[in-house]
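Visitor: First, the structure itself, so that you have it in front of you.
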Amino acid sequence: MKLLKHLFENNRRWVESVERDNPGFFERLSRGQSPEYLWIGCSDSRIPANEVVGLLPGELFVHRNVANLVIHTDMSLLSVVQYAVEVLKVKHIIVCGHYGCGGVIGAMKGDSLGLIDNWLRFIKDIYHRNGALLDELPEDKRADRLCELNVIQQVANLAHTTIVQDAWQRGQRLAVHGWIYDIKDGLLRDMDVCISAPDQLNEIYRMEVVID
Ligand code: CO
């Protein structure tokens, strides 16, 4: 007997409904993909990337990890970004964080959660660098602000990668965006930290976050 049978049944129903609305959809997709967007988001189960922005399979290249981090030594993330920028030639990279992020809250609390503590360390560093600003806020606002600062930091990290820098050097059109998703209402908010050229990187400093 097949394990998780209900998921296979769901899958069949999904295929039928997609084909009903869009006959030949999967056959067309099998010929290749040319998404315009790369989404870097949190692994949180409440934020399904395609659904949030209303895009179909084939329209969004996706990388997700805990707390949507862009770490310069993360080969998995770097490979996704390199392939998306240099082969698929996406025009936009969206770093999307979210309020109520368990990774961000965990990093703030300092509870030991195991191996993941090492990953969340990157968020602790952001807190440490912005401690004065964050400590002034009421406790309920502090986590939200750290979620926002985390997005801003990851946008800067991405803009500093050789992949993005080289793309701009070649004259390739590429914009990096920072968004935040609110689990409470399902809405996206633009953090207004879009960077589409290296000289704009300095403007991000205005967001009161200390960039490496
Ligand atoms: Co999260």
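In the structure tokens, each chain is lettered A, B, ... as it comes, each chain's residues begin at 1, and ligands are numbered from 1 in order of appearance.
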Excluding same-chain residues fewer than 5 positions from Ile93 of chain A, what lies within 7 Å of it counting only C-alpha atoms, as a PDB file with N, CA and C atoms, in the first residue's frame?
Guide:
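Final output, saved to out01.pdb:
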ATOM      1  N   TYR A  37      11.328  35.696 -12.464  1.00  0.00           N
ATOM      2  CA  TYR A  37      11.572  36.021 -11.063  1.00  0.00           C
ATOM      3  C   TYR A  37      12.240  34.865 -10.318  1.00  0.00           C
ATOM      4  N   LEU A  38      13.148  35.246  -9.422  1.00  0.00           N
ATOM      5  CA  LEU A  38      13.680  34.295  -8.442  1.00  0.00           C
ATOM      6  C   LEU A  38      13.171  34.735  -7.080  1.00  0.00           C
ATOM      7  N   TRP A  39      12.587  33.808  -6.353  1.00  0.00           N
ATOM      8  CA  TRP A  39      12.038  34.071  -5.021  1.00  0.00           C
ATOM      9  C   TRP A  39      12.953  33.424  -3.987  1.00  0.00           C
ATOM     10  N   ALA A 175      17.135  43.369 -10.960  1.00  0.00           N
ATOM     11  CA  ALA A 175      16.777  44.135  -9.760  1.00  0.00           C
ATOM     12  C   ALA A 175      16.607  43.178  -8.579  1.00  0.00           C
ATOM     13  N   VAL A 176      17.069  43.618  -7.422  1.00  0.00           N
ATOM     14  CA  VAL A 176      16.924  42.838  -6.186  1.00  0.00           C
ATOM     15  C   VAL A 176      15.926  43.573  -5.294  1.00  0.00           C
ATOM     16  N   HIS A 177      14.905  42.868  -4.861  1.00  0.00           N
ATOM     17  CA  HIS A 177      13.825  43.476  -4.072  1.00  0.00           C
ATOM     18  C   HIS A 177      13.770  42.882  -2.668  1.00  0.00           C
TER      19      HIS A 177
END
Visitor: Need the shell around Val151 of chain A: protein/DNA/RNA residues with any atom at most 10 Å away, counting only C-alpha atoms. Skip same-chain ones fewer than 5 positions apart. Format as a list in words?
Guide: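 Final neighbour list, sorted by chain and number: Gly41, Ala67, Asn68, Leu69, Val70, Ile94, Val95, Cys96, Gly97, His98, Arg145, Leu146, Ala156, Asn157, His177, Gly178, Trp179, Ile180, Met191 and Val193 of chain A.
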Visitor: Rank A:Asp74, A:Glu59, A:Asp135, A:Asp44 by their smallest atom-to-atom distance to ligand 1, using only C-alpha atoms and all ligand atoms, and report the top residue only.
Guide: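 Of A:Asp74, A:Glu59, A:Asp135, A:Asp44, the one nearest ligand 1 is A:Asp44, counting only C-alpha atoms and all ligand atoms.
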Visitor: What's the separation between atom CA of Asp144 of chain A and atom CA of Tyr181 of chain A, in Å to one decimal place?
Guide: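 Between atom CA of Asp144 of chain A and atom CA of Tyr181 of chain A the gap is 10.8 Å.
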Visitor: Could you build a table of the residues in chain A lying no more than 6 Å from ligand 1, giving for each the nearest pair of atoms and their separation in Å rounded to one decimal place, using only C-alpha atoms and all ligand atoms, ordered by chain and ascending residue number, as a Markdown table?
Guide:
| residue | atom | partner | partner_atom_place_in_ligand_line | distance |
| --- | --- | --- | --- | --- |
| A:Cys42 | CA | ligand 1 | 1 (Co) | 4.7 |
| A:Asp44 | CA | ligand 1 | 1 (Co) | 5.0 |
| A:Val66 | CA | ligand 1 | 1 (Co) | 5.9 |
| A:Ala67 | CA | ligand 1 | 1 (Co) | 4.5 |
| A:Cys101 | CA | ligand 1 | 1 (Co) | 3.6 |
| A:Gly102 | CA | ligand 1 | 1 (Co) | 5.2 |
| A:Gly103 | CA | ligand 1 | 1 (Co) | 5.5 |
Visitor: Can you list, as a compact mmCIF listing (two decimals) with N, CA and C atoms, in the first residue's frame, every protein, DNA or RNA residue that comes within 8 Å of Leu120 of chain A when you count only C-alpha atoms, leaving out same-chain residues fewer than 3 positions away?
Guide:
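Contents of selection.txt, freshly written:
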# COMPACT_ATOMS: atom_id res chain seq x y z
N GLY A 103 12.33 31.48 12.83
CA GLY A 103 13.80 31.55 12.85
C GLY A 103 14.28 32.83 13.51
N VAL A 104 13.63 33.94 13.16
CA VAL A 104 14.01 35.24 13.73
C VAL A 104 13.68 35.28 15.22
N GLY A 106 13.33 32.73 17.23
CA GLY A 106 14.23 31.79 17.90
C GLY A 106 15.60 32.41 18.14
N ALA A 107 16.09 33.14 17.16
CA ALA A 107 17.40 33.79 17.29
C ALA A 107 17.36 34.86 18.39
N ILE A 116 20.35 23.98 14.22
CA ILE A 116 19.85 25.20 13.59
C ILE A 116 20.38 26.46 14.28
N ASP A 117 20.82 26.35 15.53
CA ASP A 117 21.39 27.51 16.24
C ASP A 117 22.52 28.14 15.42
N ILE A 123 21.29 35.76 12.21
CA ILE A 123 20.26 36.71 12.64
C ILE A 123 20.66 37.35 13.97
N LYS A 124 21.27 36.54 14.82
CA LYS A 124 21.78 37.10 16.08
C LYS A 124 22.76 38.24 15.78
Visitor: Please, what distance in Å, to one decimal, runs between atom CA of Arg129 of chain A and atom CA of Val155 of chain A?
Guide: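 Going from atom CA of Arg129 of chain A over to atom CA of Val155 of chain A covers 16.5 Å.
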Visitor: Please measure the separation of atom CA of Leu133 of chain A and atom CA of Leu115 of chain A, giving the value in Å to one decimal.
Guide: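 Atom CA of Leu115 of chain A lies 28.7 Å from atom CA of Leu133 of chain A.
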Visitor: Can you list every residue in segment 56-87 of chain A that DSSP puts in strand (DSSP E or B), as a ChimeraX atom specification?
Guide: /A:60-65
Visitor: Quick one: write out the picked residues with all heavy atoms as a PDB file, in the first residue's frame?
Guide:
ATOM      1  N   LEU A  60       8.034  31.145 -11.605  1.00  0.00           N
ATOM      2  CA  LEU A  60       8.789  31.598 -10.432  1.00  0.00           C
ATOM      3  C   LEU A  60       9.844  30.551 -10.073  1.00  0.00           C
ATOM      4  O   LEU A  60       9.500  29.394  -9.812  1.00  0.00           O
ATOM      5  CB  LEU A  60       7.814  31.789  -9.257  1.00  0.00           C
ATOM      6  CG  LEU A  60       8.312  32.461  -7.981  1.00  0.00           C
ATOM      7  CD1 LEU A  60       8.655  33.924  -8.231  1.00  0.00           C
ATOM      8  CD2 LEU A  60       7.249  32.356  -6.876  1.00  0.00           C
ATOM      9  N   PHE A  61      11.111  30.966 -10.074  1.00  0.00           N
ATOM     10  CA  PHE A  61      12.188  30.089  -9.623  1.00  0.00           C
ATOM     11  C   PHE A  61      12.311  30.305  -8.124  1.00  0.00           C
ATOM     12  O   PHE A  61      12.271  31.461  -7.672  1.00  0.00           O
ATOM     13  CB  PHE A  61      13.485  30.480 -10.346  1.00  0.00           C
ATOM     14  CG  PHE A  61      14.489  29.369 -10.467  1.00  0.00           C
ATOM     15  CD1 PHE A  61      14.185  28.195 -11.126  1.00  0.00           C
ATOM     16  CD2 PHE A  61      15.774  29.506  -9.947  1.00  0.00           C
ATOM     17  CE1 PHE A  61      15.116  27.171 -11.260  1.00  0.00           C
ATOM     18  CE2 PHE A  61      16.715  28.489 -10.069  1.00  0.00           C
ATOM     19  CZ  PHE A  61      16.384  27.317 -10.724  1.00  0.00           C
ATOM     20  N   VAL A  62      12.447  29.233  -7.353  1.00  0.00           N
ATOM     21  CA  VAL A  62      12.290  29.379  -5.899  1.00  0.00           C
ATOM     22  C   VAL A  62      13.435  28.752  -5.112  1.00  0.00           C
ATOM     23  O   VAL A  62      13.882  27.649  -5.420  1.00  0.00           O
ATOM     24  CB  VAL A  62      10.957  28.732  -5.437  1.00  0.00           C
ATOM     25  CG1 VAL A  62      10.856  28.726  -3.916  1.00  0.00           C
ATOM     26  CG2 VAL A  62       9.761  29.454  -6.040  1.00  0.00           C
ATOM     27  N   HIS A  63      13.904  29.493  -4.114  1.00  0.00           N
ATOM     28  CA  HIS A  63      14.810  28.927  -3.116  1.00  0.00           C
ATOM     29  C   HIS A  63      14.269  29.324  -1.756  1.00  0.00           C
ATOM     30  O   HIS A  63      13.980  30.487  -1.512  1.00  0.00           O
ATOM     31  CB  HIS A  63      16.232  29.487  -3.279  1.00  0.00           C
ATOM     32  CG  HIS A  63      17.205  28.927  -2.286  1.00  0.00           C
ATOM     33  ND1 HIS A  63      17.844  27.728  -2.472  1.00  0.00           N
ATOM     34  CD2 HIS A  63      17.621  29.387  -1.095  1.00  0.00           C
ATOM     35  CE1 HIS A  63      18.628  27.473  -1.433  1.00  0.00           C
ATOM     36  NE2 HIS A  63      18.515  28.469  -0.577  1.00  0.00           N
ATOM     37  N   ARG A  64      14.139  28.328  -0.870  1.00  0.00           N
ATOM     38  CA  ARG A  64      13.651  28.646   0.472  1.00  0.00           C
ATOM     39  C   ARG A  64      14.569  28.018   1.501  1.00  0.00           C
ATOM     40  O   ARG A  64      15.063  26.902   1.323  1.00  0.00           O
ATOM     41  CB  ARG A  64      12.212  28.133   0.641  1.00  0.00           C
ATOM     42  CG  ARG A  64      11.224  28.903  -0.242  1.00  0.00           C
ATOM     43  CD  ARG A  64       9.853  28.252  -0.314  1.00  0.00           C
ATOM     44  NE  ARG A  64       9.111  28.351   0.950  1.00  0.00           N
ATOM     45  CZ  ARG A  64       7.883  27.846   1.113  1.00  0.00           C
ATOM     46  NH1 ARG A  64       7.278  27.220   0.132  1.00  0.00           N
ATOM     47  NH2 ARG A  64       7.261  27.976   2.272  1.00  0.00           N
ATOM     48  N   ASN A  65      14.804  28.748   2.560  1.00  0.00           N
ATOM     49  CA  ASN A  65      15.533  28.190   3.708  1.00  0.00           C
ATOM     50  C   ASN A  65      14.974  28.842   4.976  1.00  0.00           C
ATOM     51  O   ASN A  65      14.141  29.752   4.897  1.00  0.00           O
ATOM     52  CB  ASN A  65      17.056  28.393   3.553  1.00  0.00           C
ATOM     53  CG  ASN A  65      17.476  29.848   3.485  1.00  0.00           C
ATOM     54  OD1 ASN A  65      16.913  30.713   4.157  1.00  0.00           O
ATOM     55  ND2 ASN A  65      18.498  30.142   2.674  1.00  0.00           N
TER      56      ASN A  65
END
Visitor: Go through segment 59-123 of chain A and collect every residue that DSSP, computed from the backbone, puts in alpha helix (DSSP H); the answer should be as number ranges by chain.
Guide: A: 75-82, 102-109, 116-123
Visitor: Which residue is closest to Leu88 of chain A? Choose from A:Arg121, A:Val15, A:Gln165, A:Leu174 and count only C-alpha atoms.
Guide: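 So, comparing all the options, the nearest one is A:Leu174.
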Visitor: Pick from A:Arg28, A:Lys184, A:His128, A:Arg12: nearest to Tyr99 of chain A, with only C-alpha atoms counted?
Guide: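 Selected residue with least distance to Tyr99 of chain A: A:Lys184.
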Visitor: Taking only C-alpha atoms into account, which of A:Leu56, A:Ile40, A:Gln153, A:Met108 comes nearest Gly131 of chain A?
Guide: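 The shortest atom-to-atom distance to Gly131 of chain A comes from A:Met108.
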Visitor: Can you work out which one of A:Glu86, A:Glu148, A:Asp185, A:Asp190 has the shortest atom-to-atom distance to Trp168 of chain A, counting only C-alpha atoms?
Guide: A:Glu86
